[in-house]
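One structure is given below, encoded as C-alpha cells.
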Amino acid sequence: MMTLAACQPEAALPTLAVIPTITKAPTLAPTEVVIRETLPPTWTPTSTASPTRTPTATSTFTVTPTATATATSTATLTPTPVNNAFVSGERGVNLRIGPSMQYNVVTLLEYETPVDIIGQSVDGNWYQVETVGGASTGWAYGELLTLNRPMPDLPVTWTRPTPAPPTAQPTTPPPAVIQAAAPSMPVASRRFSKVGDSITANQAFMLGYDEEGEYDLGPYTDLQSTINAYRGSFARRSLAAASGFNAPAVLDPIWATDAQCLPDESPLACEYRVHQPDVAIILLGGVDVQLYAQPEFEQAMTQIVDFTRQRGIVPVLTTFPTASWYYPEKSEAFNQTIRSIAQQRGLPLIDLRAAVRGLPDEGVKDDGYHLTERWDYYIGLDGQQNQYGLTMRNFMTLQTLHTLR
C-alpha cells in the first residue's frame, strides 16, 4: 500500500523551484564535526555515574535523628553503585541489536559508561544492557563489561520467537499457494537499496525478513511473495546508509569510504553501481534539520531523486517522524518538502510521520528522533506495527514493495 501525503499543514507550502542537477557544492558538504558531534545526545551515551562514587552523609542519614545514628555504621557503609555494571573495554564496546558480531551496531558505548545489565545470552558470553535513562538498549560482549556486584540470577533474555500461525483470511491464498507462485518471479531479478541515516543503518530496518522464523506476517500472508522476490536485500548493508548521513552527504564522494567505492564516487552512486537495485527506499531529513535551511534540503533531495530516476531506479520517499519538541517547525517543513517532491514527480511516498502519530510515544524514542522498537530484529505484523514505530516502518515499506511489483 503506498500512502500519499496524508496530513498537510495549514501553512502554505513553500514555493518550489526547478533546481537543475547540481555538482558537488562546498556549501553542502557536511563537516566531520557537524555530522559526528551534533547528533542527539543519546546517540553517544555519556557517563553520568561512576562506579566508585561515595555516597554523602546527608543523602543517607539526614532523616535519622543524630542521637540514633552511629559513627561506626557510617564509616563501614559500602557504597552501592547506581548501575550494576560499566564498560571496561578501553576502546568502549559496540552495543548491538543481538548477541553476536553479525548484528548491526546500535551505538558505541564509551569507556566507563555505566549500564544496567538486564539479561544474558544462552551461552553467557553476551549481556543485554540498558544505558542511563533507558536511552539505548542492546547487546554487549561480556568481556568488555565489569559487573559492580554479583548477578547469579540473571535471566536468559535472548530467545528466538516462534511466529504464531498466520490468521486465515477468506481472500488470502494459503501459504502453499504463495510458495507455488513464487518461481514466476525470479528472486535474483528484484533488489532494493536503502538510503538514509542511523534510523536506516543502525536500527533493525527490514532485517528480519531475510531470515525464516524472524517475522510473522499475521493476516498479511500475501506479502510473502514479495519477501521471496527481494530476498537478500532486507539485511544487506547499504553503502548509502550510515549514522549521521544527511541529503548532501549522500551525494558527496568524501563520505564514500567503503573499499568498493571508486574515486570521486558518491555513496549513492557507489551503492547503485554495486547493488544494481530496482527500487531505492529513501529516508533522510532528521539530521538535515540540524544543519540546513529548507531550500538547501530541497535542492539536495531533488538531486537524489533525479539521480535515482536517471539510472532506471524507482525512488520511494519516506517522511521522518519526530517528537513534538524536535525542531518542530523545520521538521514539518522538511517533511512537507518530501511530500511535495513525491507528488510533483508522481513517486511512491511512505508517509511514516503521519502513520506513527497514533502509536505509543508517537513512535519515537526519548531522543525525539529514533523509532521505538523491540529489543531484537523480529518483525511481528500481528499487531505489533501498532506498538512500535520501527515495526510500522517495516510493515509499510514491505507493503510498498509489494505494490510496486
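Ligands are numbered from 1 in the order shown, residues from 1 within each chain, and chains are lettered A, B, ... in the order they appear in the C-alpha cells.
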Exercise. Fewer than 5 positions away in the same chain doesn't count, so skip those; otherwise give me all residues within 12 Å of Thr308 (chain A), counting only C-alpha atoms, as number ranges by chain.
Key: A: 21, 192-193, 195, 250-251, 268-273, 276-282, 301-303, 313-317, 347
Exercise. Pull the alpha helix (DSSP H) assignments for region 130-311 of chain A out of DSSP run on the backbone, and list those residues as number ranges by chain.
Key: A: 175-181, 198-201, 224-229, 247-250, 267-275, 294-310
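The residue set within 9 Å of Thr226 (chain A), counting only C-alpha atoms and dropping same-chain residues fewer than 3 places from it, reads Ala182, Asp222, Leu223, Ala229, Tyr230, Arg231, Leu398, Gln399, Leu401, His402 and Arg405 of chain A.
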Quiz item: Near Arg91 (chain A), within 10 Å and counting only C-alpha atoms, which residues show up once chain neighbours fewer than 2 positions away are dropped, as a PyMOL selection string?
Solution: chain A and resi 87-89+93-94+108-112+144
What would the file look like if the residues just selected were written as a compact mmCIF listing (two decimals), in the first residue's frame with all heavy atoms?
```txt
# COMPACT_ATOMS: atom_id res chain seq x y z
N VAL A 87 31.28 -0.10 31.32
CA VAL A 87 32.12 -0.51 30.21
C VAL A 87 33.58 -0.45 30.65
O VAL A 87 34.07 0.61 31.05
CB VAL A 87 31.90 0.39 28.98
CG1 VAL A 87 32.85 0.01 27.85
CG2 VAL A 87 30.46 0.30 28.51
N SER A 88 34.27 -1.58 30.57
CA SER A 88 35.68 -1.62 30.99
C SER A 88 36.64 -1.78 29.81
O SER A 88 37.85 -1.72 30.00
CB SER A 88 35.89 -2.77 31.98
OG SER A 88 35.42 -4.00 31.46
N GLY A 89 36.13 -1.99 28.62
CA GLY A 89 36.98 -2.01 27.44
C GLY A 89 37.52 -0.62 27.17
O GLY A 89 36.76 0.33 27.08
N VAL A 93 32.69 -0.33 23.83
CA VAL A 93 32.08 -1.57 23.35
C VAL A 93 30.92 -1.22 22.44
O VAL A 93 30.17 -0.27 22.69
CB VAL A 93 31.59 -2.45 24.53
CG1 VAL A 93 30.52 -1.74 25.35
CG2 VAL A 93 31.05 -3.80 24.03
N ASN A 94 30.78 -1.96 21.36
CA ASN A 94 29.65 -1.76 20.45
C ASN A 94 28.39 -2.35 21.05
O ASN A 94 28.38 -3.51 21.50
CB ASN A 94 29.92 -2.41 19.09
CG ASN A 94 30.89 -1.59 18.25
OD1 ASN A 94 30.88 -0.36 18.30
ND2 ASN A 94 31.72 -2.26 17.48
N LEU A 108 28.06 3.13 19.98
CA LEU A 108 29.29 2.79 20.69
C LEU A 108 29.19 3.33 22.11
O LEU A 108 28.97 4.53 22.32
CB LEU A 108 30.51 3.40 19.99
CG LEU A 108 31.84 3.25 20.73
CD1 LEU A 108 32.28 1.78 20.77
CD2 LEU A 108 32.93 4.11 20.09
N LEU A 109 29.34 2.45 23.09
CA LEU A 109 29.37 2.87 24.48
C LEU A 109 30.83 3.11 24.87
O LEU A 109 31.67 2.22 24.75
CB LEU A 109 28.76 1.79 25.39
CG LEU A 109 27.31 1.40 25.09
CD1 LEU A 109 26.83 0.37 26.11
CD2 LEU A 109 26.40 2.61 25.10
N GLU A 110 31.13 4.29 25.32
CA GLU A 110 32.50 4.67 25.61
C GLU A 110 32.98 4.04 26.92
O GLU A 110 32.19 3.54 27.73
CB GLU A 110 32.62 6.19 25.69
CG GLU A 110 32.32 6.90 24.36
CD GLU A 110 32.43 8.40 24.48
OE1 GLU A 110 32.51 8.90 25.62
OE2 GLU A 110 32.43 9.07 23.44
N TYR A 111 34.29 4.08 27.11
CA TYR A 111 34.94 3.55 28.31
C TYR A 111 34.33 4.16 29.57
O TYR A 111 34.11 5.36 29.65
CB TYR A 111 36.43 3.85 28.24
CG TYR A 111 37.24 3.42 29.45
CD1 TYR A 111 37.28 2.08 29.84
CD2 TYR A 111 37.96 4.35 30.18
CE1 TYR A 111 38.03 1.69 30.94
CE2 TYR A 111 38.72 3.96 31.27
CZ TYR A 111 38.75 2.63 31.65
OH TYR A 111 39.49 2.24 32.74
N GLU A 112 34.00 3.30 30.54
CA GLU A 112 33.44 3.67 31.85
C GLU A 112 31.99 4.14 31.77
O GLU A 112 31.46 4.69 32.73
CB GLU A 112 34.30 4.71 32.56
CG GLU A 112 35.67 4.18 32.98
CD GLU A 112 36.43 5.15 33.88
OE1 GLU A 112 36.04 6.35 33.90
OE2 GLU A 112 37.37 4.70 34.55
N LEU A 144 33.95 -7.15 27.82
CA LEU A 144 34.23 -5.72 27.78
C LEU A 144 33.41 -4.95 28.81
O LEU A 144 33.39 -3.71 28.80
CB LEU A 144 33.97 -5.17 26.37
CG LEU A 144 34.82 -5.79 25.26
CD1 LEU A 144 34.44 -5.19 23.92
CD2 LEU A 144 36.30 -5.58 25.54
```
Exercise. Determine, counting only C-alpha atoms, which protein, DNA and RNA residues have an atom within 8 Å of an atom of Asp288 (chain A); residues of the same chain fewer than 3 positions away are not included. Present the result as a list in words.
Key: Asn246, Ala247, Leu284, Gly285, Leu291, Tyr292 and Phe297 of chain A
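Of the listed residues A:Val274, A:Leu404, A:Leu95, A:Val356, the one whose atoms come nearest to Ala323 (chain A) is A:Val356, with distances taken using only C-alpha atoms.
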